[in-house]
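Notes follow once the structure below has been shown.
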Amino acid sequence: MNTLPFTFCGAKLAALPSGAVYWLAERLLIVSDLHLGKTERMARRGGPMLPPYEVEETLDRLLSDIAATSPQTVLCLGDSFDDLAAAQATGHTVADRLRPEMAGRRWIWIEGNHVPGPVDIPGDHLADLSIGPLVFRHIATHHENGEVSGHYHPKARVILRVRASTRRCLLADGTRRILPAYGTYTGGLFCHHPDLSELMADDAKAILVGRKPVALPMPR
């Protein structure tokens with residue numbers, strides 16, 4: 001697996017091609033914004049009909065990362081379901097797929113803005129979590145050092161090998177890390193959007209995820 005190692009507040013982490021982050025010393029796999037059940041939610045609200053495979057595709061990707069890293073703990077950084085109704089509609093399917101992987105390891109669901117409270121699925125349900133020098137929550141703040149979050153679904157438009165490309169990315173500066181959305185059909189917010197460009201420091205980096213993660217100055 002192609003990974004991109006980086007150090008944050010003394011913690012040695014690695015960006016995975018999928019958009020996940022792995023902390024080897026803690027045997028911790030971190031993902032954000034799975035948005036499971038988005039297809040169901042869009043159909044329920046009269047939106048466009050999307051191919052009904054996003055739950056299986058997202059879970060396949062997650063199970064592949066678990067097999068590759070063998071984590072002791074899996075941490076989902078919020079908005080793991082698209083909304084509470086989607087969680088109720090797809091939760092049994094998700095639980096059935098994940099239950100074998102939950103056996104023998106800790107599984108933590110951080111609350112998000114789409115799913116603000118615990119859902120009826122195994123695991124620990126927390127508002128945030130601190131481990132060593134790092135604090136994990138769904139939405140970044142403006143004042144806490146060592147923060148790892150999600151929510152914004154960052155992406156970047158770049159020129160790679162003379163071709164324009166839009167890639168999901170992990171944003172990094174001296175204070176925080178913002179993970180890309182992990183789920184299928186999640187969309188994203190471009191780095192130059194004021195919500196991100198004002199939040200991140202001037203020297204921030206963007207780690208483009210994909211087959212081979214690549215770091216470059218955050219596009220402004």
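Going by the structure tokens order, chains are called A, B, ..., each with residues numbered from 1, while ligands are numbered from 1 in the order shown.
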
**Study point:** Exercise: Leu129 in chain A partners within 10 Å, only C-alpha atoms, chain neighbours under 3 positions left out, as a list of chain:residue names
**Key:** A:Leu75, A:Leu77, A:Ile108, A:Trp109, A:Ile110, A:Leu126, A:Leu134, A:Val135, A:Phe136, A:Arg137, A:Val148

Practice item. Excluding Asp120 in chain A and any residue of its chain fewer than 5 positions from it, enumerate the residues within 9 Å of it, using only C-alpha atoms, and give them as number ranges by chain. Key: A: 87-88, 91-92

Please produce a file of those selected residues containing C-alpha atoms, as a PDB file, in the first residue's frame.
ATOM      1  CA  ALA A  87     -28.896   5.225   9.951  1.00  0.00           C
ATOM      2  CA  GLN A  88     -32.164   3.499  10.856  1.00  0.00           C
ATOM      3  CA  GLY A  91     -27.851   0.414  10.279  1.00  0.00           C
ATOM      4  CA  HIS A  92     -28.641  -3.327  10.393  1.00  0.00           C
TER       5      HIS A  92
END

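Candidate residues A:Arg161, A:Thr175, A:Leu170, A:Glu198 were compared for distance to Leu216 in chain A, and the nearest is A:Leu170, using only C-alpha atoms.
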
Check your understanding: Near Met218 in chain A, within 9 Å and counting only C-alpha atoms, which residues show up once chain neighbours fewer than 3 positions away are dropped, as a list in words?
Key -> Ala156, Leu171, Ala172, Cys191, His192, Ser197, Met200, Asp202, Asp203, Ala204, Lys205, Ala206, Ile207 and Ala215 of chain A

Just to be explicit: take each residue in the selection above, keep all heavy atoms, and write the result as a CSV table (one decimal), in the first residue's frame.
chain,number,residue,atom,x,y,z
A,156,ALA,N,-9.2,19.4,-3.8
A,156,ALA,CA,-8.3,20.4,-4.5
A,156,ALA,C,-8.4,20.2,-6.0
A,156,ALA,O,-8.4,19.0,-6.5
A,156,ALA,CB,-6.9,20.3,-4.0
A,171,LEU,N,-6.0,18.2,4.7
A,171,LEU,CA,-5.3,19.5,4.9
A,171,LEU,C,-4.5,19.5,6.2
A,171,LEU,O,-5.0,18.9,7.2
A,171,LEU,CB,-6.4,20.6,5.0
A,171,LEU,CG,-7.2,20.8,3.7
A,171,LEU,CD1,-8.2,22.0,3.9
A,171,LEU,CD2,-6.4,21.0,2.5
A,172,ALA,N,-3.4,20.1,6.2
A,172,ALA,CA,-2.4,20.0,7.3
A,172,ALA,C,-1.7,21.4,7.6
A,172,ALA,O,-1.2,22.0,6.6
A,172,ALA,CB,-1.4,19.0,7.1
A,191,CYS,N,-10.4,23.7,-1.6
A,191,CYS,CA,-9.5,24.4,-0.6
A,191,CYS,C,-9.6,25.9,-0.6
A,191,CYS,O,-9.4,26.5,0.4
A,191,CYS,CB,-8.1,24.0,-0.9
A,191,CYS,SG,-7.7,22.2,-0.6
A,192,HIS,N,-9.9,26.5,-1.8
A,192,HIS,CA,-9.9,27.9,-1.8
A,192,HIS,C,-11.2,28.5,-1.3
A,192,HIS,O,-11.3,29.8,-1.2
A,192,HIS,CB,-9.7,28.4,-3.3
A,192,HIS,CG,-10.7,27.9,-4.3
A,192,HIS,ND1,-10.5,26.8,-5.1
A,192,HIS,CD2,-12.0,28.3,-4.5
A,192,HIS,CE1,-11.6,26.6,-5.8
A,192,HIS,NE2,-12.5,27.5,-5.5
A,197,SER,N,-9.9,28.3,3.5
A,197,SER,CA,-8.7,29.1,3.4
A,197,SER,C,-8.5,30.0,4.6
A,197,SER,O,-7.4,30.4,5.0
A,197,SER,CB,-8.8,30.0,2.1
A,197,SER,OG,-9.9,30.8,2.1
A,200,MET,N,-7.3,27.5,7.7
A,200,MET,CA,-5.9,26.9,7.7
A,200,MET,C,-4.9,28.0,7.6
A,200,MET,O,-5.1,29.1,7.0
A,200,MET,CB,-5.8,26.0,6.4
A,200,MET,CG,-6.8,24.9,6.4
A,200,MET,SD,-6.8,23.8,7.8
A,200,MET,CE,-5.2,23.0,7.6
A,202,ASP,N,-1.3,30.0,6.6
A,202,ASP,CA,-0.8,30.4,5.3
A,202,ASP,C,0.1,29.3,4.7
A,202,ASP,O,0.2,29.1,3.5
A,202,ASP,CB,-0.1,31.7,5.3
A,202,ASP,CG,-1.0,32.9,5.6
A,202,ASP,OD1,-2.2,32.7,5.4
A,202,ASP,OD2,-0.5,33.9,6.0
A,203,ASP,N,0.8,28.6,5.6
A,203,ASP,CA,1.8,27.6,5.1
A,203,ASP,C,1.2,26.2,5.1
A,203,ASP,O,1.9,25.2,5.0
A,203,ASP,CB,3.0,27.6,5.9
A,203,ASP,CG,2.7,27.2,7.4
A,203,ASP,OD1,1.6,27.2,7.8
A,203,ASP,OD2,3.7,27.0,8.2
A,204,ALA,N,-0.1,26.1,5.1
A,204,ALA,CA,-0.8,24.7,5.1
A,204,ALA,C,-0.5,23.9,3.9
A,204,ALA,O,-0.3,24.4,2.8
A,204,ALA,CB,-2.3,24.9,5.2
A,205,LYS,N,-0.5,22.6,4.1
A,205,LYS,CA,-0.3,21.6,3.0
A,205,LYS,C,-1.6,20.9,2.7
A,205,LYS,O,-2.5,20.8,3.5
A,205,LYS,CB,0.8,20.6,3.4
A,205,LYS,CG,2.2,21.2,3.7
A,205,LYS,CD,2.8,21.8,2.5
A,205,LYS,CE,4.3,22.2,2.8
A,205,LYS,NZ,4.9,22.8,1.7
A,206,ALA,N,-1.7,20.4,1.5
A,206,ALA,CA,-2.8,19.6,1.1
A,206,ALA,C,-2.2,18.2,0.6
A,206,ALA,O,-1.3,18.2,-0.2
A,206,ALA,CB,-3.6,20.1,-0.1
A,207,ILE,N,-2.6,17.1,1.3
A,207,ILE,CA,-2.1,15.8,0.9
A,207,ILE,C,-3.2,15.2,0.0
A,207,ILE,O,-4.3,14.9,0.5
A,207,ILE,CB,-1.9,14.9,2.1
A,207,ILE,CG1,-0.8,15.5,3.0
A,207,ILE,CG2,-1.5,13.5,1.7
A,207,ILE,CD1,-0.5,14.7,4.3
A,215,ALA,N,1.8,15.3,-1.3
A,215,ALA,CA,1.7,16.5,-0.6
A,215,ALA,C,2.1,17.7,-1.4
A,215,ALA,O,3.2,17.6,-2.1
A,215,ALA,CB,2.5,16.5,0.7

Practice item. Write out as a count of residues only the residues lying within 10 Å of Gln72 in chain A, counting only C-alpha atoms and excluding same-chain residues fewer than 2 positions away. Key: 14

Check your understanding: What's the 12 Å shell around Gly210 in chain A, counting only C-alpha atoms, without same-chain residues fewer than 4 positions away, as a list of chain:residue names?
Key -> A:Met1, A:Asn2, A:Thr3, A:Leu4, A:Ala15, A:Leu16, A:Pro17, A:Ser18, A:Gly19, A:Ala20, A:Lys155, A:Ser165, A:Thr166, A:Arg167, A:Arg168, A:Cys169, A:Leu170, A:Pro180, A:Tyr182, A:Val214, A:Ala215

For those residues, write all heavy atoms to a file as a compact mmCIF listing (two decimals), in the first residue's frame.
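Ended up saving to part.txt:
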# COMPACT_ATOMS: atom_id res chain seq x y z
N MET A 1 0.85 -1.20 0.00
CA MET A 1 0.00 0.00 0.00
C MET A 1 0.88 1.25 0.00
O MET A 1 1.82 1.35 0.79
CB MET A 1 -0.92 0.01 1.22
CG MET A 1 -1.81 1.25 1.31
SD MET A 1 -2.74 1.37 2.87
CE MET A 1 -3.78 -0.08 2.76
N ASN A 2 0.59 2.20 -0.90
CA ASN A 2 1.30 3.48 -0.91
C ASN A 2 0.73 4.38 0.17
O ASN A 2 -0.46 4.69 0.17
CB ASN A 2 1.14 4.16 -2.28
CG ASN A 2 1.90 3.46 -3.38
OD1 ASN A 2 3.03 3.03 -3.18
ND2 ASN A 2 1.27 3.33 -4.53
N THR A 3 1.58 4.79 1.10
CA THR A 3 1.16 5.70 2.15
C THR A 3 2.10 6.89 2.17
O THR A 3 3.21 6.84 1.61
CB THR A 3 1.16 5.02 3.53
OG1 THR A 3 2.51 4.65 3.88
CG2 THR A 3 0.29 3.77 3.53
N LEU A 4 1.68 7.97 2.83
CA LEU A 4 2.52 9.15 2.97
C LEU A 4 2.67 9.44 4.46
O LEU A 4 1.74 9.94 5.10
CB LEU A 4 1.92 10.35 2.26
CG LEU A 4 2.77 11.63 2.30
CD1 LEU A 4 4.07 11.42 1.52
CD2 LEU A 4 2.00 12.81 1.69
N ALA A 15 -0.90 8.96 5.87
CA ALA A 15 -2.09 9.12 5.03
C ALA A 15 -2.18 7.93 4.09
O ALA A 15 -1.19 7.57 3.42
CB ALA A 15 -2.00 10.41 4.23
N LEU A 16 -3.35 7.29 4.05
CA LEU A 16 -3.59 6.14 3.19
C LEU A 16 -4.24 6.58 1.88
O LEU A 16 -4.89 7.64 1.84
CB LEU A 16 -4.49 5.12 3.90
CG LEU A 16 -3.84 4.13 4.87
CD1 LEU A 16 -3.06 4.83 5.96
CD2 LEU A 16 -4.89 3.21 5.47
N PRO A 17 -4.10 5.82 0.81
CA PRO A 17 -4.71 6.20 -0.47
C PRO A 17 -6.22 6.41 -0.40
O PRO A 17 -6.78 7.19 -1.17
CB PRO A 17 -4.36 5.01 -1.38
CG PRO A 17 -3.12 4.44 -0.79
CD PRO A 17 -3.27 4.60 0.69
N SER A 18 -6.89 5.73 0.52
CA SER A 18 -8.35 5.80 0.64
C SER A 18 -8.85 7.10 1.24
O SER A 18 -10.03 7.42 1.16
CB SER A 18 -8.83 4.65 1.52
OG SER A 18 -8.28 4.80 2.83
N GLY A 19 -7.95 7.86 1.90
CA GLY A 19 -8.37 9.03 2.67
C GLY A 19 -8.35 8.79 4.16
O GLY A 19 -8.58 9.71 4.96
N ALA A 20 -8.08 7.56 4.58
CA ALA A 20 -7.92 7.24 6.00
C ALA A 20 -6.54 7.68 6.48
O ALA A 20 -5.63 7.95 5.68
CB ALA A 20 -8.10 5.75 6.24
N LYS A 155 -11.24 19.16 -0.91
CA LYS A 155 -10.76 18.66 -2.19
C LYS A 155 -9.99 19.79 -2.87
O LYS A 155 -10.13 20.97 -2.52
CB LYS A 155 -11.91 18.18 -3.08
CG LYS A 155 -12.91 19.24 -3.47
CD LYS A 155 -14.04 18.66 -4.33
CE LYS A 155 -15.04 19.74 -4.74
NZ LYS A 155 -16.14 19.18 -5.57
N SER A 165 -7.10 17.97 -12.59
CA SER A 165 -7.66 16.88 -11.80
C SER A 165 -8.23 17.43 -10.51
O SER A 165 -7.69 18.38 -9.94
CB SER A 165 -6.58 15.84 -11.49
OG SER A 165 -7.06 14.82 -10.65
N THR A 166 -9.35 16.87 -10.05
CA THR A 166 -9.91 17.20 -8.74
C THR A 166 -9.71 16.00 -7.83
O THR A 166 -10.14 14.89 -8.16
CB THR A 166 -11.40 17.55 -8.84
OG1 THR A 166 -11.56 18.71 -9.66
CG2 THR A 166 -11.97 17.85 -7.45
N ARG A 167 -9.04 16.23 -6.71
CA ARG A 167 -8.71 15.14 -5.80
C ARG A 167 -9.16 15.49 -4.38
O ARG A 167 -9.02 16.63 -3.93
CB ARG A 167 -7.20 14.90 -5.80
CG ARG A 167 -6.61 14.48 -7.14
CD ARG A 167 -6.52 12.98 -7.28
NE ARG A 167 -5.56 12.42 -6.34
CZ ARG A 167 -4.25 12.28 -6.61
NH1 ARG A 167 -3.75 12.69 -7.79
NH2 ARG A 167 -3.46 11.73 -5.71
N ARG A 168 -9.66 14.50 -3.67
CA ARG A 168 -9.89 14.67 -2.24
C ARG A 168 -8.54 14.88 -1.56
O ARG A 168 -7.52 14.36 -2.01
CB ARG A 168 -10.59 13.44 -1.66
CG ARG A 168 -11.99 13.23 -2.18
CD ARG A 168 -12.59 11.94 -1.63
NE ARG A 168 -11.80 10.78 -2.00
CZ ARG A 168 -11.33 9.88 -1.16
NH1 ARG A 168 -11.56 9.98 0.14
NH2 ARG A 168 -10.63 8.85 -1.58
N CYS A 169 -8.53 15.62 -0.47
CA CYS A 169 -7.25 15.89 0.17
C CYS A 169 -7.39 16.04 1.67
O CYS A 169 -8.46 16.38 2.20
CB CYS A 169 -6.59 17.14 -0.42
SG CYS A 169 -7.53 18.66 -0.25
N LEU A 170 -6.30 15.76 2.35
CA LEU A 170 -6.15 16.00 3.78
C LEU A 170 -5.42 17.32 3.95
O LEU A 170 -4.37 17.52 3.34
CB LEU A 170 -5.36 14.85 4.41
CG LEU A 170 -5.14 14.85 5.92
CD1 LEU A 170 -4.90 13.43 6.41
CD2 LEU A 170 -3.96 15.73 6.34
N PRO A 180 -10.20 14.15 4.54
CA PRO A 180 -11.19 14.14 3.45
C PRO A 180 -12.35 13.24 3.80
O PRO A 180 -12.27 12.40 4.69
CB PRO A 180 -10.38 13.57 2.28
CG PRO A 180 -9.37 12.69 2.92
CD PRO A 180 -8.99 13.38 4.21
N TYR A 182 -14.58 10.09 3.44
CA TYR A 182 -14.22 8.71 3.10
C TYR A 182 -15.30 8.03 2.26
O TYR A 182 -15.00 7.13 1.48
CB TYR A 182 -14.02 7.95 4.40
CG TYR A 182 -13.35 6.61 4.27
CD1 TYR A 182 -11.96 6.51 4.25
CD2 TYR A 182 -14.09 5.43 4.18
CE1 TYR A 182 -11.33 5.29 4.16
CE2 TYR A 182 -13.48 4.20 4.09
CZ TYR A 182 -12.09 4.13 4.06
OH TYR A 182 -11.46 2.91 3.96
N VAL A 214 0.01 12.45 -2.34
CA VAL A 214 1.02 13.45 -2.69
C VAL A 214 0.76 14.71 -1.89
O VAL A 214 -0.38 15.17 -1.80
CB VAL A 214 0.97 13.78 -4.20
CG1 VAL A 214 1.98 14.86 -4.55
CG2 VAL A 214 1.23 12.53 -5.04
N ALA A 215 1.83 15.29 -1.32
CA ALA A 215 1.70 16.54 -0.56
C ALA A 215 2.15 17.71 -1.41
O ALA A 215 3.15 17.63 -2.14
CB ALA A 215 2.54 16.46 0.72

Exercise for review: Fewer than 6 positions away in the same chain doesn't count, so skip those; otherwise give me all residues within 10 Å of Ile139 in chain A, counting only C-alpha atoms, as a list in words.
Suggested key: Leu77, Gly78, Glu111, Gly112, Asn113, Asp128, Glu147, Val148, Ser149, Gly150, His151, Tyr152 and Ile178 of chain A

Exercise for review: Per DSSP on the backbone, filter range 76-195 of chain A down to the residues in helix (DSSP H, G or I) and report them as a list in words.
Suggested key: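 Listing helix (DSSP H, G or I) positions across range 76-195 of chain A yields Leu84, Ala85, Ala86, Ala87, Gln88, Ala89, Thr90, Gly91, His92, Thr93, Val94, Ala95, Asp96, Arg97, Leu98, Arg99, Pro100, Glu101, Met102, Pro194 and Asp195 of chain A.
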
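CA of Asp173 in chain A to CA of Asp33 in chain A spans 20.4 Å [interatomic distance, one decimal].
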
Point to revise | strand (DSSP E or B) residues, from DSSP on the backbone, in range 41-169 of chain A, as a PyMOL selection string | key: chain A and resi 73-76+81+106-110+124-126+129-131+134-136+147-149+154-160+163-169

**Study point:** Gap from CA of Gly174 in chain A to CA of Glu144 in chain A - Å, one decimal
**Key:** 10.9 Å

Exercise for review: Write out as a VMD selection string each polymer residue whose atoms come within 10 Å of Gly10 in chain A, counting only C-alpha atoms; drop sequence neighbours fewer than 6 positions from it.
Suggested key: chain A and resid 132 to 134 146

Practice item. Find the residue from A:Leu208, A:Leu189, A:Leu34, A:Val158 that sits nearest to Glu57 in chain A; use only C-alpha atoms when measuring. Key: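 So, comparing all the options, the nearest one is A:Leu34.
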